[in-house]
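Data block for protein.cif (mmCIF, C-alpha atoms and all ligand atoms):
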```cif
data_upload
loop_
_atom_site.label_atom_id
_atom_site.label_comp_id
_atom_site.auth_asym_id
_atom_site.auth_seq_id
_atom_site.Cartn_x
_atom_site.Cartn_y
_atom_site.Cartn_z
CA MET A 292 1.87 -9.65 -6.14
CA PRO A 293 2.68 -6.15 -4.91
CA GLU A 294 1.28 -3.70 -7.41
CA GLY A 295 2.84 -0.40 -8.43
CA HIS A 296 1.58 1.59 -5.46
CA THR A 297 3.54 -0.70 -3.12
CA VAL A 298 6.77 -0.15 -5.00
CA HIS A 299 6.31 3.62 -4.91
CA ARG A 300 5.82 3.39 -1.16
CA LEU A 301 8.98 1.36 -0.92
CA ALA A 302 10.92 3.97 -2.85
CA ALA A 303 9.70 6.64 -0.43
CA VAL A 304 10.69 4.50 2.56
CA PHE A 305 14.18 3.94 1.14
CA ALA A 306 14.68 7.60 0.27
CA ARG A 307 13.65 8.62 3.78
CA GLY A 308 15.49 5.91 5.65
CA PHE A 309 18.71 5.61 3.67
CA GLY A 310 18.92 8.47 1.16
CA GLY A 311 22.40 10.02 1.11
CA GLN A 312 23.69 7.59 3.73
CA ARG A 313 26.68 5.30 3.56
CA VAL A 314 25.41 1.74 3.94
CA ARG A 315 26.61 -1.81 4.41
CA THR A 316 25.31 -4.36 1.93
CA SER A 317 25.46 -8.13 2.14
CA SER A 318 23.72 -11.24 0.87
CA PRO A 319 23.17 -13.56 3.84
CA GLN A 320 21.65 -16.10 1.45
CA GLY A 321 24.68 -15.85 -0.81
CA ARG A 322 22.71 -15.60 -4.02
CA PHE A 323 23.46 -11.93 -4.66
CA SER A 324 27.23 -11.85 -4.81
CA ASP A 325 27.28 -8.30 -6.21
CA ALA A 326 26.24 -7.07 -2.77
CA ALA A 327 29.95 -7.12 -1.85
CA ARG A 328 30.74 -4.64 -4.65
CA LEU A 329 28.35 -2.09 -3.18
CA ASP A 330 29.32 -2.51 0.44
CA GLY A 331 30.36 0.80 1.99
CA GLN A 332 28.94 2.96 -0.81
CA VAL A 333 26.31 5.67 -0.48
CA LEU A 334 22.69 4.90 -1.31
CA LEU A 335 21.69 8.06 -3.16
CA GLY A 336 17.92 7.59 -3.01
CA ALA A 337 15.32 5.37 -4.64
CA GLU A 338 13.22 5.30 -7.76
CA ALA A 339 10.03 3.38 -8.58
CA VAL A 340 8.84 2.72 -12.11
CA GLY A 341 5.84 0.43 -12.35
CA LYS A 342 6.68 -2.61 -10.26
CA HIS A 343 10.43 -2.00 -10.56
CA LEU A 344 12.54 -0.48 -7.80
CA PHE A 345 15.94 1.07 -8.49
CA LEU A 346 18.40 1.85 -5.70
CA PRO A 347 21.31 3.98 -6.99
CA PHE A 348 24.71 3.51 -5.32
CA ALA A 349 27.79 5.72 -5.63
CA PRO A 350 31.11 6.21 -3.81
CA SER A 351 29.98 9.58 -2.45
CA ALA A 352 26.74 11.44 -1.74
CA GLU A 353 27.73 14.21 -4.14
CA VAL A 354 27.37 12.01 -7.22
CA ASP A 355 24.33 12.76 -9.38
CA PRO A 356 22.02 9.71 -9.61
CA ALA A 357 22.03 10.20 -13.39
CA ASP A 358 25.83 9.92 -13.56
CA PRO A 359 26.99 6.99 -15.74
CA SER A 360 29.20 5.76 -12.90
CA VAL A 361 26.20 5.09 -10.65
CA ARG A 362 25.27 1.45 -10.10
CA HIS A 363 21.60 0.63 -9.68
CA VAL A 364 20.28 -2.28 -7.69
CA HIS A 365 17.21 -3.32 -9.64
CA VAL A 366 14.57 -5.22 -7.66
CA HIS A 367 11.32 -6.76 -8.83
CA LEU A 368 9.44 -8.42 -5.98
CA GLY A 369 7.40 -10.74 -8.19
CA LEU A 370 4.77 -12.84 -6.44
CA TYR A 371 6.60 -13.60 -3.22
CA GLY A 372 9.16 -10.91 -2.63
CA SER A 373 9.12 -8.71 0.42
CA TRP A 374 11.20 -6.08 2.22
CA THR A 375 11.33 -6.10 6.00
CA PHE A 376 12.56 -3.08 7.94
CA ALA A 377 13.89 -2.58 11.43
CA GLY A 378 15.58 0.39 13.00
CA ASP A 379 15.54 3.28 15.40
CA PRO A 380 12.13 4.62 16.48
CA GLY A 381 10.44 6.21 13.51
CA PHE A 382 12.80 4.64 11.00
CA ALA A 383 11.22 3.70 7.66
CA GLY A 384 7.72 3.94 9.08
CA ALA A 385 6.91 0.40 8.04
CA HIS A 386 7.91 -3.03 9.21
CA ALA A 387 7.34 -4.93 6.02
CA ILE A 388 6.25 -4.12 2.51
CA GLY A 389 5.58 -6.67 -0.14
CA ALA A 390 3.81 -9.98 -0.16
CA PRO A 391 1.59 -9.67 2.93
CA ARG A 392 1.91 -13.34 3.79
CA LEU A 393 5.54 -12.76 4.66
CA ARG A 394 4.78 -10.08 7.16
CA VAL A 395 4.23 -12.20 10.18
CA GLY A 396 7.47 -13.32 11.65
CA GLU A 397 10.04 -13.00 14.26
CA ARG A 398 11.50 -9.86 12.75
CA GLU A 399 8.33 -7.88 13.14
CA GLU A 400 8.02 -8.61 16.84
CA GLU A 401 11.67 -7.97 17.48
CA SER A 402 11.55 -4.61 15.81
CA GLU A 403 8.74 -3.43 18.07
CA GLY A 404 11.20 -2.05 20.53
CA THR A 405 13.02 -4.17 23.01
CA VAL A 406 15.65 -5.72 20.74
CA ASP A 407 18.40 -3.57 19.26
CA TRP A 408 18.01 -3.77 15.48
CA ARG A 409 21.79 -3.84 15.05
CA ARG A 410 21.84 -7.26 16.61
CA ILE A 411 19.12 -8.83 14.48
CA VAL A 412 20.65 -11.76 12.68
CA PRO A 413 19.29 -12.05 9.14
CA ARG A 414 17.30 -15.09 8.21
CA GLU A 415 19.11 -17.36 5.80
CA THR A 416 16.57 -16.55 3.08
CA VAL A 417 17.60 -12.89 2.97
CA ARG A 418 18.88 -12.15 -0.55
CA LEU A 419 20.06 -8.65 0.26
CA ARG A 420 20.52 -6.76 3.48
CA ILE A 421 21.07 -3.00 3.45
CA ALA A 422 22.10 -1.54 6.78
CA GLY A 423 22.43 2.20 7.39
CA PRO A 424 23.12 4.34 10.43
CA ARG A 425 19.48 4.28 11.55
CA GLY A 426 18.10 0.97 10.41
CA LEU A 427 18.17 -1.95 8.04
CA ALA A 428 16.17 -3.49 5.21
CA ASP A 429 16.08 -7.19 4.38
CA LEU A 430 14.94 -8.43 0.97
CA THR A 431 13.55 -11.93 0.63
CA GLY A 432 12.11 -13.86 -2.30
CA PRO A 433 12.40 -11.34 -5.16
CA THR A 434 12.02 -12.30 -8.80
CA ALA A 435 14.86 -9.96 -9.73
CA CYS A 436 17.72 -8.52 -7.72
CA GLU A 437 20.65 -7.39 -9.83
CA VAL A 438 23.15 -4.59 -10.29
CA LEU A 439 22.71 -2.53 -13.46
CA ASP A 440 24.67 0.32 -14.97
CA ALA A 441 22.90 3.33 -16.46
CA GLU A 442 22.35 1.55 -19.77
CA GLY A 443 20.95 -1.51 -18.09
CA ARG A 444 18.55 0.63 -16.11
CA GLN A 445 17.48 2.35 -19.31
CA ARG A 446 16.86 -1.00 -21.00
CA VAL A 447 14.43 -1.91 -18.22
CA LEU A 448 12.69 1.45 -18.51
CA ASP A 449 12.41 1.09 -22.30
CA ARG A 450 10.36 -2.08 -21.82
CA LEU A 451 7.83 -0.31 -19.63
CA GLY A 452 4.75 1.66 -20.51
CA PRO A 453 3.61 4.79 -18.68
CA ASP A 454 3.36 4.65 -14.90
CA PRO A 455 0.21 6.32 -13.52
CA LEU A 456 2.09 7.28 -10.35
CA ARG A 457 4.79 9.28 -12.12
CA PRO A 458 4.15 12.98 -12.78
CA ASP A 459 2.67 13.60 -16.22
CA PRO A 460 2.70 17.36 -16.68
CA ASP A 461 2.28 17.33 -20.46
CA GLY A 462 -0.17 14.45 -20.68
CA SER A 463 2.22 12.30 -22.70
CA ALA A 464 1.87 9.31 -20.38
CA ARG A 465 -1.87 9.39 -20.73
CA ARG A 466 -1.53 9.63 -24.52
CA ARG A 467 0.78 6.64 -24.62
CA PHE A 468 -1.72 4.64 -22.56
CA VAL A 469 -4.62 5.56 -24.84
CA GLU A 470 -2.65 4.78 -27.98
CA GLY A 471 -1.32 1.53 -26.60
CA ILE A 472 -4.86 0.31 -26.04
CA ARG A 473 -6.52 1.63 -29.15
CA ARG A 474 -4.05 0.20 -31.63
CA SER A 475 -4.46 -3.34 -30.34
CA ARG A 476 -6.83 -6.20 -31.12
CA THR A 477 -5.99 -7.75 -27.78
CA THR A 478 -8.66 -7.72 -25.09
CA ILE A 479 -8.63 -4.82 -22.66
CA GLY A 480 -8.32 -7.39 -19.87
CA ALA A 481 -4.99 -8.54 -21.30
CA LEU A 482 -3.75 -5.07 -22.26
CA LEU A 483 -4.09 -3.76 -18.71
CA MET A 484 -1.77 -6.53 -17.50
CA ASP A 485 0.80 -5.77 -20.22
CA GLN A 486 3.54 -3.72 -18.54
CA LYS A 487 4.43 -2.22 -21.94
CA VAL A 488 0.96 -0.68 -22.13
CA VAL A 489 0.82 0.53 -18.54
CA ALA A 490 3.37 -0.09 -15.81
CA GLY A 491 2.38 -1.00 -12.31
CA ILE A 492 -1.07 -2.55 -12.71
CA GLY A 493 -1.58 -6.00 -11.25
CA ASN A 494 -4.54 -8.30 -11.06
CA ILE A 495 -6.46 -6.30 -8.45
CA TYR A 496 -6.30 -2.95 -10.21
CA ARG A 497 -7.14 -4.63 -13.52
CA ALA A 498 -10.34 -6.21 -12.26
CA GLU A 499 -11.46 -3.19 -10.28
CA LEU A 500 -10.66 -0.64 -12.95
CA LEU A 501 -12.70 -2.57 -15.51
CA PHE A 502 -15.61 -2.80 -13.13
CA ARG A 503 -15.53 0.91 -12.34
CA ALA A 504 -15.48 1.62 -16.08
CA ARG A 505 -18.28 -0.92 -16.60
CA LEU A 506 -16.13 -2.49 -19.27
CA ASP A 507 -16.41 -6.03 -20.51
CA PRO A 508 -12.90 -7.47 -19.96
CA PHE A 509 -13.07 -9.28 -23.30
CA VAL A 510 -13.60 -6.24 -25.51
CA PRO A 511 -10.66 -5.60 -27.90
CA GLY A 512 -8.66 -2.49 -27.13
CA ARG A 513 -9.24 -1.03 -30.57
CA ASP A 514 -13.00 -0.94 -29.99
CA LEU A 515 -12.64 1.55 -27.15
CA THR A 516 -12.91 5.27 -27.74
CA ALA A 517 -10.16 7.66 -26.76
CA GLY A 518 -12.55 9.16 -24.22
CA MET A 519 -13.13 5.80 -22.56
CA CYS A 520 -9.39 5.18 -22.31
CA GLU A 521 -8.73 8.67 -20.96
CA GLU A 522 -11.36 8.26 -18.25
CA MET A 523 -9.86 4.92 -17.33
CA TRP A 524 -6.39 6.47 -17.05
CA GLU A 525 -7.67 9.26 -14.81
CA ASP A 526 -9.45 6.73 -12.62
CA LEU A 527 -6.30 4.65 -12.41
CA VAL A 528 -4.23 7.67 -11.40
CA ALA A 529 -6.68 8.37 -8.56
CA LEU A 530 -6.91 4.76 -7.41
CA MET A 531 -3.17 4.22 -7.41
CA ALA A 532 -2.46 7.54 -5.71
CA TYR A 533 -4.78 6.44 -2.92
CA GLY A 534 -2.92 3.12 -2.80
CA ALA A 535 0.47 4.82 -2.64
CA ARG A 536 -0.75 7.12 0.11
CA THR A 537 -2.34 4.46 2.30
CA GLY A 538 -0.58 1.26 1.24
CA ARG A 539 -3.92 -0.36 0.47
CA ILE A 540 -6.02 -0.88 -2.61
CA VAL A 541 -9.57 0.31 -2.04
CA THR A 542 -11.88 0.83 -4.99
CA THR A 543 -15.34 0.75 -3.45
CA GLN A 544 -17.46 3.77 -2.65
CA PRO A 545 -18.58 3.86 1.00
CA GLU A 546 -22.24 3.37 0.04
CA HIS A 547 -21.40 0.11 -1.72
CA ARG A 548 -19.75 -1.57 1.26
CA GLN A 549 -22.68 -3.49 2.63
CA ILE A 550 -22.41 -4.59 6.21
CA GLU A 551 -24.00 -7.96 5.59
CA ALA A 552 -21.35 -8.73 3.02
CA ARG A 553 -18.82 -9.05 5.82
CA ILE A 554 -20.32 -12.31 6.96
CA VAL A 555 -20.21 -13.86 3.54
CA GLU A 556 -16.81 -12.57 2.64
CA ARG A 557 -14.77 -12.84 5.77
CA SER A 558 -12.82 -15.85 4.62
CA ARG A 559 -12.43 -14.71 1.04
CA GLY A 560 -10.91 -11.32 1.50
CA THR A 561 -7.58 -10.63 -0.07
CA ARG A 562 -4.76 -9.94 2.34
CA GLN A 563 -3.03 -6.61 2.14
CA ASN A 564 -0.47 -4.75 4.17
CA GLY A 565 -2.26 -3.01 7.04
CA ASP A 566 -5.09 -5.54 7.42
CA GLU A 567 -4.73 -5.53 11.19
CA ASP A 568 -5.23 -1.77 11.38
CA PRO A 569 -8.78 -1.09 12.69
CA ASP A 570 -8.93 2.28 10.94
CA VAL A 571 -8.61 1.06 7.37
CA VAL A 572 -11.37 -0.05 5.03
CA PRO A 573 -11.55 -3.78 5.78
CA ARG A 574 -10.36 -6.06 3.02
CA GLU A 575 -13.76 -7.68 2.57
CA GLU A 576 -15.21 -4.28 1.71
CA SER A 577 -12.41 -2.97 -0.46
CA PHE A 578 -13.24 -4.44 -3.85
CA TYR A 579 -16.15 -4.72 -6.25
CA VAL A 580 -15.19 -7.92 -8.04
CA TYR A 581 -11.65 -9.02 -7.19
CA HIS A 582 -11.85 -12.49 -5.61
CA ARG A 583 -15.61 -12.06 -5.26
CA GLN A 584 -16.54 -14.76 -7.79
CA THR A 585 -19.77 -16.59 -6.83
CA LEU A 586 -20.75 -13.66 -4.57
CA PRO A 587 -23.45 -11.16 -5.49
CA CYS A 588 -22.35 -7.96 -7.23
CA ARG A 589 -22.45 -5.04 -4.82
CA LEU A 590 -24.43 -2.99 -7.30
CA CYS A 591 -26.82 -5.33 -9.06
CA GLY A 592 -26.77 -8.61 -7.14
CA THR A 593 -25.73 -10.67 -10.16
CA THR A 594 -23.20 -13.37 -9.38
CA VAL A 595 -19.66 -12.16 -10.00
CA ARG A 596 -17.82 -14.36 -12.49
CA SER A 597 -14.22 -15.35 -12.96
CA GLY A 598 -12.25 -16.47 -15.99
CA GLU A 599 -8.75 -16.30 -17.33
CA ILE A 600 -7.10 -13.56 -19.37
CA ALA A 601 -3.34 -13.13 -19.77
CA ALA A 602 -2.71 -16.20 -17.60
CA ARG A 603 -4.30 -14.60 -14.55
CA THR A 604 -7.81 -14.88 -13.22
CA VAL A 605 -10.05 -11.97 -14.08
CA PHE A 606 -13.21 -11.18 -12.15
CA TRP A 607 -16.21 -9.30 -13.48
CA CYS A 608 -19.92 -8.71 -13.18
CA PRO A 609 -21.59 -9.88 -16.38
CA ARG A 610 -24.47 -7.47 -15.89
CA CYS A 611 -22.70 -4.27 -14.85
CA GLN A 612 -19.80 -4.73 -17.25
CA ARG A 613 -21.52 -4.83 -20.58
CA VAL A 614 -19.95 -1.77 -22.10
CA ARG A 615 -18.10 -2.85 -25.21
CA SER A 616 -17.82 0.28 -27.30
CA ARG A 617 -19.34 3.68 -27.92
CA ARG A 618 -22.22 1.97 -29.72
CA ALA A 619 -23.21 0.32 -26.45
CA GLY A 620 -24.34 3.66 -25.13
CA TRP A 621 -21.29 4.99 -23.37
CA THR A 622 -21.03 8.73 -23.69
CA ARG A 623 -19.05 11.41 -22.00
CA GLU A 624 -22.23 13.02 -20.69
CA HIS A 625 -23.39 9.82 -19.05
CA PRO A 626 -20.32 7.86 -18.18
CA ALA A 627 -20.91 4.45 -16.69
CA ALA A 628 -18.07 5.27 -14.32
CA PRO A 629 -15.67 6.29 -12.93
CA TRP A 630 -16.96 7.86 -9.82
CA ALA A 631 -14.75 10.19 -7.96
CA LEU A 632 -12.94 8.13 -5.39
CA ALA A 633 -14.21 8.94 -1.92
CA VAL A 634 -12.78 6.73 0.77
ZN ZN B 701 -23.30 -5.95 -11.18
#
```
Re-express the file's structure as structure tokens.
Amino acid sequence: MPEGHTVHRLAAVFARGFGGQRVRTSSPQGRFSDAARLDGQVLLGAEAVGKHLFLPFAPSAEVDPADPSVRHVHVHLGLYGSWTFAGDPGFAGAHAIGAPRLRVGEREEESEGTVDWRRIVPRETVRLRIAGPRGLADLTGPTACEVLDAEGRQRVLDRLGPDPLRPDPDGSARRRFVEGIRRSRTTIGALLMDQKVVAGIGNIYRAELLFRARLDPFVPGRDLTAGMCEEMWEDLVALMAYGARTGRIVTTQPEHRQIEARIVERSRGTRQNGDEDPDVVPREESFYVYHRQTLPCRLCGTTVRSGEIAARTVFWCPRCQRVRSRRAGWTREHPAAPWALAV
């Protein structure tokens, strides 16, 4: 599932590629009939909150996105959703964002240059096509694609916890995160997946964040100190900012990416957007524990384990992740983690 950093990248791509432009909208698949209502309107920009993308439409570019008359297309990609882009040279700066398995396809090759994007016929699975003066975006396989008014948008936002990728000048987002964890008996492994506690984390960030904090995934939130939660928030902000910048989740320090691990892990790596790029940290070196069950921990050699929390598989090192509370020896002076992210 695309995690929050992907959705923030999408919002940037939409703002750059379509912001302030009059666009055509359609639903080649026919399952998004509201597309006809928006056809010919101006796409004012784009907004990402957690894993939710909002695309505000108005009759003219002068309308404020906060105006009650604005209609918002609300998209949640879920497990299988993906956006594919094609356009003039330099348009959007990405061919596809979303579930990486959907990347490979006819569209991607066509958009490389020779075929005029205006003549690309949408696949019949395209739920929503947005076409502007310089390019187009096709949405396939989303969990949610709907038109909301301002109140509807607010109802979605009200269900979401703080988003580590949104500016937090007064620290209130961090406070909400800390409080959300510390008032709960639920395990930290489940709380991190709860979008009301923190918006935008998926299974990869959950597993990796807990490893970097040396936290046992099964410890109840209320056993954690405020300091532990604050450090975790700061680490998450750094990790997700890196993800939003590069499009990839990388949580390992360079010195922990053993060369020999490549042989063992080649077939197990998790696919991400950009895997084919030779300049990125390869997927088999990007994580400490995610999908590394049965492999040796990069730090201590203990076999990484997997189990289930909040209906999703969690991965952890039973030796490194023994921190359960302040009594277990965690102090601010000698934090188990996080390290500053250097990738
Ligand atoms: Zn370990």
Contacts of Ile492 of chain A at 12 Å (all atoms listed in the file; same-chain gap of 3+ positions) as a CSV table (one decimal) with C-alpha atoms, in the coordinates of the input:
```
chain,number,residue,atom,x,y,z
A,292,MET,CA,1.9,-9.6,-6.1
A,293,PRO,CA,2.7,-6.2,-4.9
A,294,GLU,CA,1.3,-3.7,-7.4
A,295,GLY,CA,2.8,-0.4,-8.4
A,296,HIS,CA,1.6,1.6,-5.5
A,297,THR,CA,3.5,-0.7,-3.1
A,298,VAL,CA,6.8,-0.2,-5.0
A,340,VAL,CA,8.8,2.7,-12.1
A,341,GLY,CA,5.8,0.4,-12.4
A,342,LYS,CA,6.7,-2.6,-10.3
A,343,HIS,CA,10.4,-2.0,-10.6
A,451,LEU,CA,7.8,-0.3,-19.6
A,452,GLY,CA,4.8,1.7,-20.5
A,453,PRO,CA,3.6,4.8,-18.7
A,454,ASP,CA,3.4,4.6,-14.9
A,455,PRO,CA,0.2,6.3,-13.5
A,456,LEU,CA,2.1,7.3,-10.4
A,480,GLY,CA,-8.3,-7.4,-19.9
A,481,ALA,CA,-5.0,-8.5,-21.3
A,482,LEU,CA,-3.8,-5.1,-22.3
A,483,LEU,CA,-4.1,-3.8,-18.7
A,484,MET,CA,-1.8,-6.5,-17.5
A,485,ASP,CA,0.8,-5.8,-20.2
A,486,GLN,CA,3.5,-3.7,-18.5
A,487,LYS,CA,4.4,-2.2,-21.9
A,488,VAL,CA,1.0,-0.7,-22.1
A,489,VAL,CA,0.8,0.5,-18.5
A,495,ILE,CA,-6.5,-6.3,-8.4
A,496,TYR,CA,-6.3,-3.0,-10.2
A,497,ARG,CA,-7.1,-4.6,-13.5
A,498,ALA,CA,-10.3,-6.2,-12.3
A,499,GLU,CA,-11.5,-3.2,-10.3
A,500,LEU,CA,-10.7,-0.6,-13.0
A,501,LEU,CA,-12.7,-2.6,-15.5
A,524,TRP,CA,-6.4,6.5,-17.0
A,527,LEU,CA,-6.3,4.6,-12.4
A,528,VAL,CA,-4.2,7.7,-11.4
A,530,LEU,CA,-6.9,4.8,-7.4
A,531,MET,CA,-3.2,4.2,-7.4
A,534,GLY,CA,-2.9,3.1,-2.8
A,540,ILE,CA,-6.0,-0.9,-2.6
```
Check your understanding: What do you get as a PyMOL selection string if you pick all residues at most 7 Å from ligand ZN 701 (chain B), counting all atoms listed in the file?
Key -> chain A and resi 588-593+608-611
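Here the question is which of A:Asp461, A:Glu521, A:Glu353, A:Glu575 gets nearest to Val333 of chain A using all atoms listed in the file, and that residue is A:Glu353.
Pairwise distance (atom CA of His582 of chain A, atom CA of Leu515 of chain A) equals 25.7 Å.
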Practice item. Find the distance between atom CA of Gly321 of chain A and atom CA of Arg418 of chain A and write it in Å to one decimal. Key: 6.9 Å
Point to revise | Computed interatomic separation between atom CA of Ile411 of chain A and atom CA of Arg300 of chain A (Å) | key: 23.9 Å
Could you put an axis-aligned box around every listed atom of segment 525-540 of chain A, padded by 3 Å on each side, and send me its centre and edge lengths in Å to one decimal, as JSON?
```
{"center_x": -4.5, "center_y": 4.2, "center_z": -6.3, "size_x": 15.9, "size_y": 16.1, "size_z": 23.1}
```
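Using all atoms listed in the file, the smallest distance between any of A:Pro359, A:Gly310, A:Gly493, A:Pro545 and Gly443 of chain A comes from A:Pro359.
For the set A:Ala441, A:Gln544, A:Arg505, A:Gly491, the residue with the smallest atom-to-atom gap to Phe345 of chain A is A:Ala441, counting all atoms listed in the file.
Minimum atom-to-atom distances from A:Thr516, A:Ser475, A:Leu370, A:Arg536 to Leu301 of chain A were compared using all atoms listed in the file, and the lowest value belongs to A:Arg536.
Taking only C-alpha atoms into account, Val438 of chain A lies nearest to A:Asp325 out of the set A:Glu546, A:Asp570, A:Asp330, A:Asp325.
In terms of minimum interatomic distance to Val572 of chain A, A:Val541 ranks closest within A:Ala428, A:Val541, A:Val366, A:Ile600, counting all atoms listed in the file.
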Check your understanding: Can you tell me, as a ChimeraX atom specification, what residues are no more than 10 Å from Phe509 of chain A when counting all atoms listed in the file, ignoring any on the same chain fewer than 3 positions away?
Key -> /A:477-481,506,512,600,613,615
With 9 Å as the cut-off and all atoms listed in the file counted, what is the closest atom pair between each nearby residue of segment 428-544 of chain A and segment 419-423 of chain A? Distances in Å to one decimal, ordered by chain and number, as a Markdown table.
```
| residue | atom | partner | partner_atom | distance |
| --- | --- | --- | --- | --- |
| A:Ala428 | CA | A:Ile421 | CA | 5.2 |
| A:Asp429 | CA | A:Arg420 | CA | 4.6 |
| A:Leu430 | CA | A:Leu419 | CA | 5.2 |
| A:Thr431 | CA | A:Leu419 | CA | 7.3 |
| A:Cys436 | CA | A:Leu419 | CA | 8.3 |
```
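Those residues that approach Tyr581 of chain A to within 10 Å, counting only C-alpha atoms, are A:Asn494, A:Ile495, A:Tyr496, A:Arg497, A:Ala498, A:Glu499, A:Phe502, A:Gly560, A:Thr561, A:Ser577, A:Val595, A:Arg596, A:Ser597, A:Thr604, A:Val605, A:Phe606, A:Trp607; same-chain residues fewer than 4 positions away are not listed.
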Student task, segment 510-516 of chain A output with all heavy atoms as a PDB file, in the first residue's frame:
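What follows is the written file part.pdb:
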```pdb
ATOM      1  N   VAL A 510       4.442  -3.759  23.239  1.00  0.00           N
ATOM      2  CA  VAL A 510       4.336  -2.979  24.462  1.00  0.00           C
ATOM      3  C   VAL A 510       3.113  -2.051  24.360  1.00  0.00           C
ATOM      4  O   VAL A 510       2.856  -1.471  23.305  1.00  0.00           O
ATOM      5  CB  VAL A 510       5.646  -2.176  24.697  1.00  0.00           C
ATOM      6  CG1 VAL A 510       5.875  -1.158  23.611  1.00  0.00           C
ATOM      7  CG2 VAL A 510       5.653  -1.510  26.054  1.00  0.00           C
ATOM      8  N   PRO A 511       2.316  -1.949  25.441  1.00  0.00           N
ATOM      9  CA  PRO A 511       1.152  -1.044  25.394  1.00  0.00           C
ATOM     10  C   PRO A 511       1.599   0.404  25.302  1.00  0.00           C
ATOM     11  O   PRO A 511       2.594   0.796  25.913  1.00  0.00           O
ATOM     12  CB  PRO A 511       0.450  -1.300  26.735  1.00  0.00           C
ATOM     13  CG  PRO A 511       1.042  -2.560  27.267  1.00  0.00           C
ATOM     14  CD  PRO A 511       2.422  -2.679  26.702  1.00  0.00           C
ATOM     15  N   GLY A 512       0.829   1.206  24.558  1.00  0.00           N
ATOM     16  CA  GLY A 512       1.183   2.603  24.383  1.00  0.00           C
ATOM     17  C   GLY A 512       1.364   3.331  25.698  1.00  0.00           C
ATOM     18  O   GLY A 512       2.261   4.162  25.842  1.00  0.00           O
ATOM     19  N   ARG A 513       0.537   3.024  26.672  1.00  0.00           N
ATOM     20  CA  ARG A 513       0.592   3.789  27.931  1.00  0.00           C
ATOM     21  C   ARG A 513       1.859   3.514  28.743  1.00  0.00           C
ATOM     22  O   ARG A 513       2.134   4.211  29.708  1.00  0.00           O
ATOM     23  CB  ARG A 513      -0.652   3.519  28.770  1.00  0.00           C
ATOM     24  CG  ARG A 513      -0.751   2.108  29.274  1.00  0.00           C
ATOM     25  CD  ARG A 513      -1.977   1.975  30.154  1.00  0.00           C
ATOM     26  NE  ARG A 513      -2.025   0.656  30.749  1.00  0.00           N
ATOM     27  CZ  ARG A 513      -2.994   0.257  31.540  1.00  0.00           C
ATOM     28  NH1 ARG A 513      -3.989   1.075  31.814  1.00  0.00           N
ATOM     29  NH2 ARG A 513      -2.982  -0.955  32.044  1.00  0.00           N
ATOM     30  N   ASP A 514       2.606   2.482  28.392  1.00  0.00           N
ATOM     31  CA  ASP A 514       3.862   2.209  29.094  1.00  0.00           C
ATOM     32  C   ASP A 514       5.013   3.059  28.579  1.00  0.00           C
ATOM     33  O   ASP A 514       6.080   3.083  29.181  1.00  0.00           O
ATOM     34  CB  ASP A 514       4.255   0.734  28.935  1.00  0.00           C
ATOM     35  CG  ASP A 514       3.429  -0.171  29.845  1.00  0.00           C
ATOM     36  OD1 ASP A 514       2.497   0.353  30.490  1.00  0.00           O
ATOM     37  OD2 ASP A 514       3.720  -1.377  29.892  1.00  0.00           O
ATOM     38  N   LEU A 515       4.829   3.715  27.453  1.00  0.00           N
ATOM     39  CA  LEU A 515       5.915   4.503  26.879  1.00  0.00           C
ATOM     40  C   LEU A 515       5.978   5.874  27.545  1.00  0.00           C
ATOM     41  O   LEU A 515       4.958   6.436  27.934  1.00  0.00           O
ATOM     42  CB  LEU A 515       5.718   4.674  25.373  1.00  0.00           C
ATOM     43  CG  LEU A 515       5.622   3.379  24.566  1.00  0.00           C
ATOM     44  CD1 LEU A 515       5.561   3.706  23.073  1.00  0.00           C
ATOM     45  CD2 LEU A 515       6.805   2.467  24.845  1.00  0.00           C
ATOM     46  N   THR A 516       7.182   6.401  27.638  1.00  0.00           N
ATOM     47  CA  THR A 516       7.325   7.752  28.178  1.00  0.00           C
ATOM     48  C   THR A 516       7.071   8.773  27.078  1.00  0.00           C
ATOM     49  O   THR A 516       7.160   8.458  25.886  1.00  0.00           O
ATOM     50  CB  THR A 516       8.747   7.981  28.728  1.00  0.00           C
ATOM     51  OG1 THR A 516       9.653   7.947  27.614  1.00  0.00           O
ATOM     52  CG2 THR A 516       9.137   6.912  29.729  1.00  0.00           C
TER      53      THR A 516
END
```
